[in-house]
>>> print(open('my_file_25.csv').read())   # CSV, C-alpha atoms and all ligand atoms
chain,number,residue,atom,x,y,z
N,1,MET,CA,-65.8,32.9,54.5
N,2,ASP,CA,-69.2,33.4,56.2
N,3,ASN,CA,-69.7,32.6,59.9
N,4,GLU,CA,-71.4,29.3,59.3
N,5,ASN,CA,-68.4,28.1,57.3
N,6,LEU,CA,-66.0,29.3,60.1
N,7,LEU,CA,-68.0,27.4,62.6
N,8,ARG,CA,-68.0,24.2,60.4
N,9,ALA,CA,-64.2,24.6,60.0
N,10,ALA,CA,-63.8,24.9,63.8
N,11,ASN,CA,-66.1,22.0,64.6
N,12,LEU,CA,-64.1,19.9,62.1
N,13,LEU,CA,-60.9,20.7,64.0
N,14,HIS,CA,-62.4,19.7,67.4
N,15,HIS,CA,-64.5,16.8,66.3
N,16,ARG,CA,-62.6,14.2,68.2
N,17,ASN,CA,-62.5,16.1,71.5
N,18,ALA,CA,-65.6,14.7,73.0
N,19,GLY,CA,-64.5,11.1,72.5
N,20,LEU,CA,-61.0,11.6,74.1
N,21,GLU,CA,-60.1,9.7,77.3
N,22,LYS,CA,-57.2,10.8,79.5
N,23,GLY,CA,-54.0,9.9,77.8
N,24,ASP,CA,-55.5,9.4,74.3
N,25,PRO,CA,-53.5,10.7,71.4
N,26,VAL,CA,-54.8,14.1,70.3
N,27,ALA,CA,-53.7,13.6,66.7
N,28,LEU,CA,-55.7,10.9,64.8
N,29,PRO,CA,-53.9,7.5,65.0
N,30,LEU,CA,-53.5,5.7,61.7
N,31,THR,CA,-55.3,2.3,62.1
N,32,SER,CA,-54.1,-0.1,59.5
N,33,SER,CA,-55.7,-3.2,61.1
N,34,THR,CA,-57.9,-5.1,58.7
N,35,THR,CA,-59.5,-7.1,61.4
N,36,PHE,CA,-60.9,-6.2,64.8
N,37,HIS,CA,-61.4,-8.1,68.1
N,38,LEU,CA,-64.8,-9.8,67.6
N,39,PRO,CA,-65.8,-12.1,70.5
N,40,GLU,CA,-69.4,-11.8,69.2
N,41,VAL,CA,-70.7,-10.2,66.1
N,42,GLN,CA,-73.5,-8.2,67.6
N,43,GLY,CA,-72.8,-4.5,68.5
N,44,ALA,CA,-69.2,-4.4,67.2
N,45,PRO,CA,-68.4,-1.0,65.8
N,46,TYR,CA,-65.7,-2.5,63.5
N,47,ILE,CA,-65.6,-6.0,62.1
N,48,TYR,CA,-63.4,-6.2,59.0
N,49,GLY,CA,-61.5,-3.6,57.1
N,50,ARG,CA,-63.8,-3.6,54.0
N,51,ASN,CA,-66.8,-2.7,56.1
N,52,GLY,CA,-65.3,0.2,58.0
N,53,THR,CA,-62.3,1.4,60.0
N,54,PRO,CA,-61.8,4.0,62.7
N,55,THR,CA,-59.6,6.1,60.3
N,56,TRP,CA,-62.4,6.2,57.7
N,57,SER,CA,-64.9,7.1,60.4
N,58,ALA,CA,-62.8,10.0,61.5
N,59,VAL,CA,-62.6,11.4,57.9
N,60,GLU,CA,-66.3,10.8,57.4
N,61,ALA,CA,-67.0,12.7,60.6
N,62,GLN,CA,-65.1,15.7,59.3
N,63,LEU,CA,-66.7,15.5,55.8
N,64,SER,CA,-70.1,15.2,57.5
N,65,ILE,CA,-69.5,18.4,59.4
N,66,LEU,CA,-68.6,20.1,56.2
N,67,GLU,CA,-71.6,18.7,54.2
N,68,SER,CA,-74.1,18.7,57.1
N,69,ALA,CA,-75.0,15.3,55.8
N,70,GLU,CA,-74.1,11.6,55.9
N,71,THR,CA,-70.9,10.9,54.0
N,72,VAL,CA,-69.2,7.8,52.6
N,73,ALA,CA,-65.5,7.9,51.8
N,74,PHE,CA,-64.0,6.4,48.6
N,75,PRO,CA,-60.5,5.7,47.4
N,76,SER,CA,-60.8,8.3,44.6
N,77,GLY,CA,-63.2,10.9,43.2
N,78,MET,CA,-64.1,8.3,40.4
N,79,GLY,CA,-64.7,5.7,43.1
N,80,ALA,CA,-67.3,8.1,44.7
N,81,ILE,CA,-68.8,9.0,41.3
N,82,SER,CA,-69.2,5.3,40.3
N,83,ALA,CA,-70.9,4.5,43.7
N,84,ALA,CA,-73.4,7.4,43.2
N,85,LEU,CA,-74.2,6.3,39.6
N,86,PHE,CA,-74.5,2.6,40.5
N,87,ALA,CA,-76.6,3.4,43.5
N,88,THR,CA,-79.1,5.5,41.5
N,89,LEU,CA,-79.3,3.9,38.0
N,90,LYS,CA,-80.6,0.7,36.6
N,91,SER,CA,-81.2,-0.7,33.1
N,92,GLY,CA,-83.8,1.3,31.2
N,93,ASP,CA,-83.0,4.6,33.0
N,94,ARG,CA,-81.6,7.8,31.4
N,95,ILE,CA,-78.9,10.0,32.8
N,96,ILE,CA,-78.2,13.5,31.6
N,97,LEU,CA,-74.5,14.4,31.9
N,98,PRO,CA,-72.5,17.5,31.0
N,99,SER,CA,-70.7,17.2,27.7
N,100,ASP,CA,-68.0,19.6,28.9
N,101,GLY,CA,-67.5,18.3,32.4
N,102,TYR,CA,-64.8,16.0,33.8
N,103,TYR,CA,-64.1,13.6,30.9
N,104,VAL,CA,-63.6,10.4,32.9
N,105,THR,CA,-67.2,10.6,34.1
N,106,ARG,CA,-68.4,10.7,30.5
N,107,ILE,CA,-66.2,7.8,29.5
N,108,LEU,CA,-67.4,5.7,32.4
N,109,ALA,CA,-71.0,6.4,31.4
N,110,ARG,CA,-70.3,5.7,27.7
N,111,ASP,CA,-68.3,2.5,28.2
N,112,PHE,CA,-69.9,0.9,31.2
N,113,LEU,CA,-73.4,2.4,31.8
N,114,ALA,CA,-74.6,2.5,28.2
N,115,PRO,CA,-73.8,-1.2,27.4
N,116,MET,CA,-75.8,-2.1,30.5
N,117,GLY,CA,-78.9,-0.4,29.2
N,118,VAL,CA,-78.6,3.1,30.7
N,119,ALA,CA,-79.3,5.8,28.1
N,120,VAL,CA,-76.7,8.5,28.3
N,121,THR,CA,-77.5,12.0,27.1
N,122,GLU,CA,-74.8,14.6,27.0
N,123,VAL,CA,-75.8,18.3,27.4
N,124,ALA,CA,-73.4,21.3,27.4
N,125,THR,CA,-73.4,23.0,30.8
N,126,ARG,CA,-74.6,26.3,29.2
N,127,ASP,CA,-77.7,24.4,27.8
N,128,TYR,CA,-78.9,22.8,31.0
N,129,ALA,CA,-81.1,25.9,31.7
N,130,SER,CA,-83.1,25.1,28.5
N,131,THR,CA,-83.0,21.3,28.7
N,132,ASP,CA,-86.2,19.3,29.4
N,133,PHE,CA,-85.3,16.7,32.0
N,134,SER,CA,-88.5,14.6,31.4
N,135,GLY,CA,-87.7,10.9,31.3
N,136,ALA,CA,-84.4,11.2,33.1
N,137,ALA,CA,-83.7,9.2,36.3
N,138,VAL,CA,-80.6,11.2,37.1
N,139,VAL,CA,-79.6,14.8,36.2
N,140,TYR,CA,-75.8,15.1,36.8
N,141,LEU,CA,-74.3,18.6,37.3
N,142,GLU,CA,-70.8,19.9,37.5
N,143,THR,CA,-70.5,23.5,38.4
N,144,PRO,CA,-68.1,25.3,37.8
N,145,SER,CA,-67.4,22.6,35.2
N,146,ASN,CA,-63.9,21.3,34.8
N,147,PRO,CA,-62.1,22.6,32.7
N,148,GLY,CA,-64.3,25.2,31.1
N,149,LEU,CA,-65.5,26.8,34.4
N,150,ASP,CA,-69.1,27.3,33.1
N,151,LEU,CA,-71.8,27.4,35.8
N,152,VAL,CA,-75.3,26.0,36.1
N,153,ASP,CA,-78.0,27.2,38.5
N,154,ILE,CA,-78.2,24.2,40.9
N,155,ALA,CA,-81.5,25.3,42.6
N,156,ASP,CA,-83.2,25.8,39.2
N,157,CYS,CA,-82.0,22.4,37.9
N,158,VAL,CA,-83.1,20.7,41.1
N,159,ALA,CA,-86.6,22.2,40.9
N,160,ARG,CA,-87.1,21.1,37.3
N,161,ALA,CA,-85.5,17.7,37.8
N,162,HIS,CA,-87.6,16.9,40.9
N,163,ALA,CA,-90.8,18.1,39.1
N,164,VAL,CA,-90.3,15.2,36.6
N,165,GLY,CA,-89.1,12.7,39.2
N,166,ALA,CA,-85.4,12.8,38.5
N,167,ARG,CA,-82.6,12.8,41.1
N,168,VAL,CA,-79.9,15.3,41.0
N,169,ILE,CA,-76.2,14.5,41.6
N,170,VAL,CA,-73.7,17.3,41.8
N,171,ASP,CA,-69.9,17.0,41.3
N,172,ASN,CA,-68.7,19.7,43.7
N,173,THR,CA,-65.0,19.0,43.3
N,174,THR,CA,-64.0,22.5,42.0
N,175,MET,CA,-65.7,24.2,45.0
N,176,THR,CA,-65.7,21.9,48.0
N,177,PRO,CA,-68.5,22.2,50.6
N,178,LEU,CA,-67.0,25.3,52.0
N,179,LEU,CA,-67.6,27.3,48.8
N,180,GLN,CA,-70.7,25.7,47.4
N,181,ARG,CA,-73.5,23.7,49.1
N,182,PRO,CA,-75.5,21.7,46.6
N,183,LEU,CA,-77.3,19.7,49.3
N,184,ASP,CA,-78.7,22.9,50.8
N,185,LEU,CA,-79.9,23.8,47.3
N,186,GLY,CA,-81.9,20.5,47.2
N,187,ALA,CA,-79.5,18.1,45.4
N,188,ASP,CA,-79.9,14.4,46.2
N,189,LEU,CA,-76.2,13.5,46.3
N,190,VAL,CA,-72.9,15.3,46.2
N,191,VAL,CA,-69.9,13.6,44.8
N,192,ALA,CA,-66.3,15.0,45.1
N,193,ALA,CA,-62.7,14.3,44.4
N,194,ASP,CA,-61.0,15.0,47.7
N,195,THR,CA,-57.8,14.3,45.9
N,196,LYS,CA,-57.9,18.0,45.0
N,197,ALA,CA,-58.1,20.8,47.5
N,198,PRO,CA,-59.4,18.8,50.5
N,199,ALA,CA,-56.4,16.4,50.6
N,200,GLY,CA,-54.5,19.4,49.2
N,201,HIS,CA,-50.9,18.2,49.0
N,202,SER,CA,-50.9,16.0,45.8
N,203,ASP,CA,-50.1,12.9,47.8
N,204,ALA,CA,-53.5,11.1,48.3
N,205,LEU,CA,-56.3,10.0,46.0
N,206,PHE,CA,-59.6,10.2,47.8
N,207,GLY,CA,-63.3,11.0,47.3
N,208,HIS,CA,-66.7,11.0,49.0
N,209,VAL,CA,-70.4,10.9,48.4
N,210,ALA,CA,-72.7,13.0,50.6
N,211,GLY,CA,-76.5,12.9,51.0
N,212,ARG,CA,-79.4,13.4,53.4
N,213,ASP,CA,-81.5,10.4,52.3
N,214,ALA,CA,-80.6,7.6,54.6
N,215,LYS,CA,-81.9,4.9,52.3
N,216,LEU,CA,-80.0,6.2,49.3
N,217,MET,CA,-76.8,6.6,51.4
N,218,GLY,CA,-77.3,3.0,52.6
N,219,ARG,CA,-77.0,1.9,49.0
N,220,VAL,CA,-73.9,4.0,48.5
N,221,ARG,CA,-72.4,2.4,51.6
N,222,ASP,CA,-73.4,-1.1,50.3
N,223,TRP,CA,-71.8,-0.4,47.0
N,224,ARG,CA,-68.5,0.3,48.7
N,225,ARG,CA,-68.6,-2.8,50.8
N,226,LEU,CA,-69.7,-5.1,47.9
N,227,SER,CA,-67.6,-3.6,45.1
N,228,GLY,CA,-64.6,-3.5,47.4
N,229,ALA,CA,-63.7,0.1,46.3
N,230,VAL,CA,-62.4,1.0,49.7
N,231,PRO,CA,-60.0,3.8,50.8
N,232,GLY,CA,-56.6,2.9,52.1
N,233,ALA,CA,-55.7,3.6,55.8
N,234,MET,CA,-52.8,5.9,54.9
N,235,GLU,CA,-54.9,7.9,52.4
N,236,ALA,CA,-57.7,8.4,54.9
N,237,TRP,CA,-55.2,9.6,57.5
N,238,LEU,CA,-53.6,12.0,55.0
N,239,VAL,CA,-57.0,13.4,54.0
N,240,HIS,CA,-58.0,13.8,57.7
N,241,ARG,CA,-54.8,15.9,58.1
N,242,GLY,CA,-55.5,17.9,54.9
N,243,LEU,CA,-59.0,18.7,55.8
N,244,GLU,CA,-57.8,20.4,59.0
N,245,THR,CA,-56.2,23.2,57.0
N,246,LEU,CA,-58.8,23.3,54.1
N,247,GLU,CA,-60.5,26.5,55.3
N,248,VAL,CA,-57.3,28.5,55.7
N,249,ARG,CA,-55.8,27.2,52.4
N,250,LEU,CA,-59.0,27.9,50.5
N,251,ALA,CA,-59.2,31.4,51.8
N,252,ARG,CA,-55.7,32.2,50.5
N,253,MET,CA,-56.2,30.3,47.2
N,254,CYS,CA,-59.4,32.2,46.4
N,255,ASP,CA,-57.8,35.6,47.3
N,256,SER,CA,-54.8,34.8,45.2
N,257,ALA,CA,-56.9,33.6,42.2
N,258,GLY,CA,-58.9,36.8,42.3
N,259,ILE,CA,-55.7,38.9,42.2
N,260,ILE,CA,-54.2,36.9,39.4
N,261,ALA,CA,-57.4,36.7,37.3
N,262,THR,CA,-57.7,40.5,37.5
N,263,ARG,CA,-54.1,40.9,36.3
N,264,LEU,CA,-54.5,38.4,33.5
N,265,GLU,CA,-57.7,39.9,32.3
N,266,GLN,CA,-55.9,43.2,31.7
N,267,HIS,CA,-53.0,41.6,29.7
N,268,PRO,CA,-53.1,42.1,26.0
N,269,ALA,CA,-51.9,38.5,25.3
N,270,VAL,CA,-55.0,37.1,27.0
N,271,GLN,CA,-57.7,36.3,24.4
N,272,ALA,CA,-60.3,35.0,26.8
N,273,ILE,CA,-60.5,34.4,30.5
N,274,ARG,CA,-63.0,32.5,32.8
N,275,TYR,CA,-63.0,33.2,36.5
N,276,PRO,CA,-66.4,33.4,38.2
N,277,GLY,CA,-65.1,36.2,40.4
N,278,LEU,CA,-64.5,38.6,37.6
N,279,ALA,CA,-67.4,41.1,37.1
N,280,SER,CA,-67.0,40.5,33.3
N,281,ASP,CA,-67.5,36.7,33.6
N,282,PRO,CA,-70.8,35.6,32.0
N,283,ALA,CA,-71.7,33.6,35.2
N,284,HIS,CA,-70.6,36.3,37.8
N,285,GLY,CA,-74.2,37.0,38.9
N,286,LEU,CA,-75.0,33.3,39.4
N,287,ALA,CA,-71.6,32.8,41.1
N,288,LYS,CA,-72.4,35.5,43.6
N,289,ARG,CA,-75.7,33.9,44.5
N,290,GLN,CA,-74.7,30.3,44.5
N,291,MET,CA,-71.1,30.2,45.8
N,292,SER,CA,-69.5,31.7,48.9
N,293,GLY,CA,-66.2,32.2,47.2
N,294,PHE,CA,-65.1,32.2,43.6
N,295,GLY,CA,-62.6,29.3,43.8
N,296,PHE,CA,-59.0,28.9,42.8
N,297,LEU,CA,-59.3,27.8,39.2
N,298,ILE,CA,-58.8,30.2,36.3
N,299,GLY,CA,-59.3,29.3,32.6
N,300,VAL,CA,-57.2,31.5,30.3
N,301,THR,CA,-56.9,31.3,26.5
N,302,LEU,CA,-53.7,32.5,24.8
N,303,LYS,CA,-53.1,32.7,21.1
N,304,ASP,CA,-52.1,29.1,20.4
N,305,ALA,CA,-50.5,26.0,21.9
N,306,VAL,CA,-47.0,27.2,21.5
N,307,THR,CA,-47.8,30.5,23.3
N,308,ALA,CA,-49.6,28.7,26.1
N,309,GLU,CA,-46.8,26.2,26.7
N,310,ARG,CA,-44.2,29.1,26.6
N,311,PHE,CA,-46.3,31.0,29.2
N,312,LEU,CA,-46.1,27.9,31.6
N,313,GLU,CA,-42.4,27.4,30.9
N,314,ARG,CA,-41.7,31.0,31.9
N,315,CYS,CA,-43.7,30.8,35.2
N,316,PRO,CA,-41.1,29.6,37.7
N,317,MET,CA,-43.7,29.3,40.5
N,318,MET,CA,-46.2,27.2,38.5
N,319,VAL,CA,-45.8,23.4,38.3
N,320,ARG,CA,-46.6,22.0,34.9
N,321,ALA,CA,-48.9,19.2,35.9
N,322,THR,CA,-52.4,17.9,35.7
N,323,SER,CA,-54.9,18.0,38.6
N,324,PHE,CA,-55.4,21.0,40.9
N,325,GLY,CA,-56.0,22.3,44.4
N,326,SER,CA,-52.5,21.6,45.9
N,327,THR,CA,-50.1,23.7,47.9
N,328,HIS,CA,-48.3,24.6,44.7
N,329,SER,CA,-49.9,26.6,41.9
N,330,SER,CA,-50.1,24.5,38.7
N,331,GLY,CA,-51.3,24.8,35.2
N,332,GLU,CA,-51.8,22.8,32.0
N,333,ARG,CA,-53.1,23.0,28.5
N,334,ARG,CA,-56.2,20.9,28.5
N,335,ALA,CA,-56.3,20.3,24.7
N,336,ARG,CA,-53.3,18.0,25.2
N,337,TRP,CA,-55.8,15.5,26.7
N,338,GLY,CA,-58.4,16.0,24.0
N,339,ASP,CA,-60.7,18.2,26.0
N,340,ALA,CA,-62.8,20.2,23.5
N,341,MET,CA,-61.1,23.5,24.5
N,342,PRO,CA,-59.0,25.9,22.3
N,343,GLU,CA,-55.4,24.8,21.7
N,344,GLY,CA,-54.2,27.9,23.7
N,345,PHE,CA,-56.5,27.2,26.7
N,346,LEU,CA,-54.8,26.8,30.1
N,347,ARG,CA,-56.4,25.7,33.3
N,348,LEU,CA,-54.5,27.3,36.2
N,349,SER,CA,-54.9,26.2,39.8
N,350,ILE,CA,-53.7,29.0,42.1
N,351,HIS,CA,-52.3,28.8,45.6
N,352,SER,CA,-50.1,31.8,46.3
N,353,SER,CA,-50.4,35.0,44.4
N,354,TRP,CA,-46.8,35.1,43.2
N,401,LIG,C1,-60.3,15.0,39.5
N,401,LIG,C2,-61.8,15.0,39.3
N,401,LIG,C3,-62.6,13.9,39.5
N,401,LIG,C4,-61.9,12.5,39.7
N,401,LIG,O1,-61.2,12.4,40.9
N,401,LIG,P1,-60.1,11.3,41.1
N,401,LIG,O2,-59.8,11.4,42.5
N,401,LIG,O3,-59.0,11.6,40.2
N,401,LIG,O4,-60.7,10.0,40.8
N,401,LIG,C5,-63.9,14.0,39.3
N,401,LIG,N1,-64.5,15.1,39.0
N,401,LIG,C6,-63.8,16.3,38.9
N,401,LIG,C7,-64.5,17.5,38.6
N,401,LIG,C8,-62.4,16.3,39.0
N,401,LIG,O5,-61.8,17.4,38.8
>>> encode(input="my_file_25.csv", output="structure tokens", more="lines below")
Ligand SMILES: *Cc1c(COP(=O)(O)O)cnc(C)c1O
Amino acid sequence: MDNENLLRAANLLHHRNAGLEKGDPVALPLTSSTTFHLPEVQGAPYIYGRNGTPTWSAVEAQLSILESAETVAFPSGMGAISAALFATLKSGDRIILPSDGYYVTRILARDFLAPMGVAVTEVATRDYASTDFSGAAVVYLETPSNPGLDLVDIADCVARAHAVGARVIVDNTTMTPLLQRPLDLGADLVVAADTKAPAGHSDALFGHVAGRDAKLMGRVRDWRRLSGAVPGAMEAWLVHRGLETLEVRLARMCDSAGIIATRLEQHPAVQAIRYPGLASDPAHGLAKRQMSGFGFLIGVTLKDAVTAERFLERCPMMVRATSFGSTHSSGERRARWGDAMPEGFLRLSIHSSW
């Protein structure tokens, strides 16, 4: 981790200090109240639970320290992604989406945006570099993509998108703001599933949108209040706790993933491997420039489905489950969900190196 990240992590830990009065609880109280004392409407920090709560504010303060930007919390990654899309798109617009990114985003675009008159163009992550973005309102990136772990050059896409008047939204779930900073590279909005490494314990769904354009973030905030896609108090509290250890967990996760990827690469049963930290990875050069760590996800291809399932079965310290970024290492064969990956492809999420 570089010094700026260590400082962000430390500021995150102490973000409530300045507001503490004598006798206040040091740990964040969980406020489940949906309504707030309101003798008059003007000047009240909290009004009603759909508009905002002290527990959301605390998580958003942490996320804003990490993103160096305004943030709006959502009840899931998809809640955040929906908000970003509905805040930026209208009928007649075009969105460019990765054909090999998180599949639910694609289905949302196909089944809900397209019927409302938004043209949806899918482009493979590796082809973004050669795609003309003319005519697009939104260029949506996911890097490294889930599950293929292909990378795109964010700064290059931002320059070409902005030149033709398109906004750039980046799904930064696989990296978190500690490992990759799309807003610093010019992206208009970041979306992320904090369900993964930020919450980090497989017990809370959560997401956020971050951005530095106050007007656009106002629309994102309005979307939350008007659509009612609001985080629960317990989840916000759990994510606040999870974020306090994100930096230390990530450091270990990245180190462990680097060790395991190097070992797997040398194993004769491994037909292909993607880990941006490997010198042999096609995106290694870009990863070194664009990311401040190589992440904790490894894509590994074994001979076939049976071999891949057997590998997972025989790893006692790997949970066979979907999702990633938790305190336990986990793995799954993505083709079981219909992802366009080889039958023997596994996405591994690494925590400890054993
Ligand atoms: C998990 C994930 C999401 C969706 O997050 P939820 O919290 O499950 O809604 C979005 N994008 C990526 C890249 C993800 O991995």
>>> atom_distance(input="my_file_25.csv", atom1="CA of Arg252 in chain N", atom2="CA of Ala80 in chain N")
27.4 Å
>>> closest_residue(input="my_file_25.csv", among="N:Val306, N:Arg334, N:His208, N:Pro75", to="Tyr103 in chain N", atoms="only C-alpha atoms")
N:Arg334
>>> residues_near_ligand(input="my_file_25.csv", ligand="ligand LIG 401 (chain N)", cutoff="10 Å", atoms="only C-alpha atoms and all ligand atoms", output="MDAnalysis selection string")
chainID N and resid 74:82 101:105 141:147 170:175 191:196 204:208 322:325
>>> atom_distance(input="my_file_25.csv", atom1="CA of Tyr128 in chain N", atom2="CA of Ala257 in chain N")
26.9 Å
>>> closest_residue(input="my_file_25.csv", among="N:Val152, N:Val139, N:Ala308, N:Leu297", to="Arg167 in chain N", atoms="only C-alpha atoms")
N:Val139
>>> atom_distance(input="my_file_25.csv", atom1="CA of Ser292 in chain N", atom2="CA of Val270 in chain N")
26.8 Å
>>> residues_around(input="my_file_25.csv", residues="Gly165 in chain N", least_positions_apart="6", cutoff="10 Å", atoms="all atoms listed in the file", output="list in words")
Phe133, Ser134, Gly135, Ala136, Ala137, Val138 and Ala159 of chain N
>>> closest_residue(input="my_file_25.csv", among="N:Glu21, N:Asp222, N:Glu244, N:Asp156", to="Val59 in chain N", atoms="all atoms listed in the file")
N:Glu244
>>> residues_around(input="my_file_25.csv", residues="Arg333 in chain N", least_positions_apart="4", cutoff="12 Å", atoms="only C-alpha atoms", output="PyMOL selection string")
chain N and resi 147-148+299-302+304-313+320-323+337-349
>>> residues_around(input="my_file_25.csv", residues="Pro177 in chain N", least_positions_apart="3", cutoff="9 Å", atoms="all atoms listed in the file", output="ChimeraX atom specification")
/N:5,63,66-67,172-173,180-182
>>> residues_around(input="my_file_25.csv", residues="Leu183 in chain N", least_positions_apart="3", cutoff="8 Å", atoms="only C-alpha atoms", output="PyMOL selection string")
chain N and resi 67+186-190+211-212
>>> closest_residue(input="my_file_25.csv", among="N:Ser57, N:Thr35, N:Thr262, N:Thr125", to="Ile298 in chain N", atoms="all atoms listed in the file")
N:Thr262
>>> build_atoms(input="my_file_25.csv", residues="range 303-310 of chain N", atoms="all heavy atoms", output="JSON list (two decimals), in the coordinates of the input")
[["chain", "number", "residue", "atom", "x", "y", "z"],
["N", 303, "LYS", "N", -52.93, 32.75, 22.54],
["N", 303, "LYS", "CA", -53.10, 32.70, 21.10],
["N", 303, "LYS", "C", -53.13, 31.25, 20.54],
["N", 303, "LYS", "O", -54.00, 30.89, 19.76],
["N", 303, "LYS", "CB", -51.96, 33.48, 20.42],
["N", 303, "LYS", "CG", -52.18, 33.71, 18.94],
["N", 303, "LYS", "CD", -51.18, 34.70, 18.39],
["N", 303, "LYS", "CE", -49.95, 33.94, 18.00],
["N", 303, "LYS", "NZ", -48.79, 34.55, 17.61],
["N", 304, "ASP", "N", -52.17, 30.44, 20.96],
["N", 304, "ASP", "CA", -52.10, 29.10, 20.40],
["N", 304, "ASP", "C", -51.35, 28.18, 21.39],
["N", 304, "ASP", "O", -50.91, 28.62, 22.46],
["N", 304, "ASP", "CB", -51.43, 29.08, 19.03],
["N", 304, "ASP", "CG", -50.11, 29.84, 19.05],
["N", 304, "ASP", "OD1", -49.47, 29.91, 20.12],
["N", 304, "ASP", "OD2", -49.70, 30.38, 18.00],
["N", 305, "ALA", "N", -51.17, 26.93, 21.00],
["N", 305, "ALA", "CA", -50.50, 26.00, 21.90],
["N", 305, "ALA", "C", -49.13, 26.39, 22.27],
["N", 305, "ALA", "O", -48.73, 26.30, 23.44],
["N", 305, "ALA", "CB", -50.50, 24.58, 21.20],
["N", 306, "VAL", "N", -48.36, 26.87, 21.29],
["N", 306, "VAL", "CA", -47.00, 27.20, 21.50],
["N", 306, "VAL", "C", -46.90, 28.37, 22.56],
["N", 306, "VAL", "O", -46.12, 28.34, 23.53],
["N", 306, "VAL", "CB", -46.25, 27.63, 20.22],
["N", 306, "VAL", "CG1", -44.85, 28.15, 20.49],
["N", 306, "VAL", "CG2", -46.23, 26.43, 19.27],
["N", 307, "THR", "N", -47.75, 29.38, 22.36],
["N", 307, "THR", "CA", -47.80, 30.50, 23.30],
["N", 307, "THR", "C", -48.14, 30.08, 24.69],
["N", 307, "THR", "O", -47.56, 30.51, 25.69],
["N", 307, "THR", "CB", -48.78, 31.59, 22.80],
["N", 307, "THR", "OG1", -48.59, 31.79, 21.41],
["N", 307, "THR", "CG2", -48.64, 32.89, 23.54],
["N", 308, "ALA", "N", -49.12, 29.19, 24.78],
["N", 308, "ALA", "CA", -49.60, 28.70, 26.10],
["N", 308, "ALA", "C", -48.51, 27.92, 26.81],
["N", 308, "ALA", "O", -48.25, 28.12, 28.00],
["N", 308, "ALA", "CB", -50.86, 27.89, 25.92],
["N", 309, "GLU", "N", -47.84, 27.03, 26.07],
["N", 309, "GLU", "CA", -46.80, 26.20, 26.70],
["N", 309, "GLU", "C", -45.62, 27.13, 27.11],
["N", 309, "GLU", "O", -45.02, 26.92, 28.17],
["N", 309, "GLU", "CB", -46.26, 25.15, 25.71],
["N", 309, "GLU", "CG", -47.28, 24.06, 25.36],
["N", 309, "GLU", "CD", -47.63, 23.11, 26.51],
["N", 309, "GLU", "OE1", -47.06, 23.25, 27.61],
["N", 309, "GLU", "OE2", -48.50, 22.24, 26.30],
["N", 310, "ARG", "N", -45.32, 28.14, 26.29],
["N", 310, "ARG", "CA", -44.20, 29.10, 26.60],
["N", 310, "ARG", "C", -44.55, 29.83, 27.90],
["N", 310, "ARG", "O", -43.70, 30.05, 28.76],
["N", 310, "ARG", "CB", -43.94, 30.00, 25.46],
["N", 310, "ARG", "CG", -42.55, 30.61, 25.53],
["N", 310, "ARG", "CD", -42.26, 31.65, 24.45],
["N", 310, "ARG", "NE", -42.67, 31.26, 23.12],
["N", 310, "ARG", "CZ", -43.43, 32.04, 22.34],
["N", 310, "ARG", "NH1", -43.83, 33.22, 22.75],
["N", 310, "ARG", "NH2", -43.77, 31.63, 21.13]]
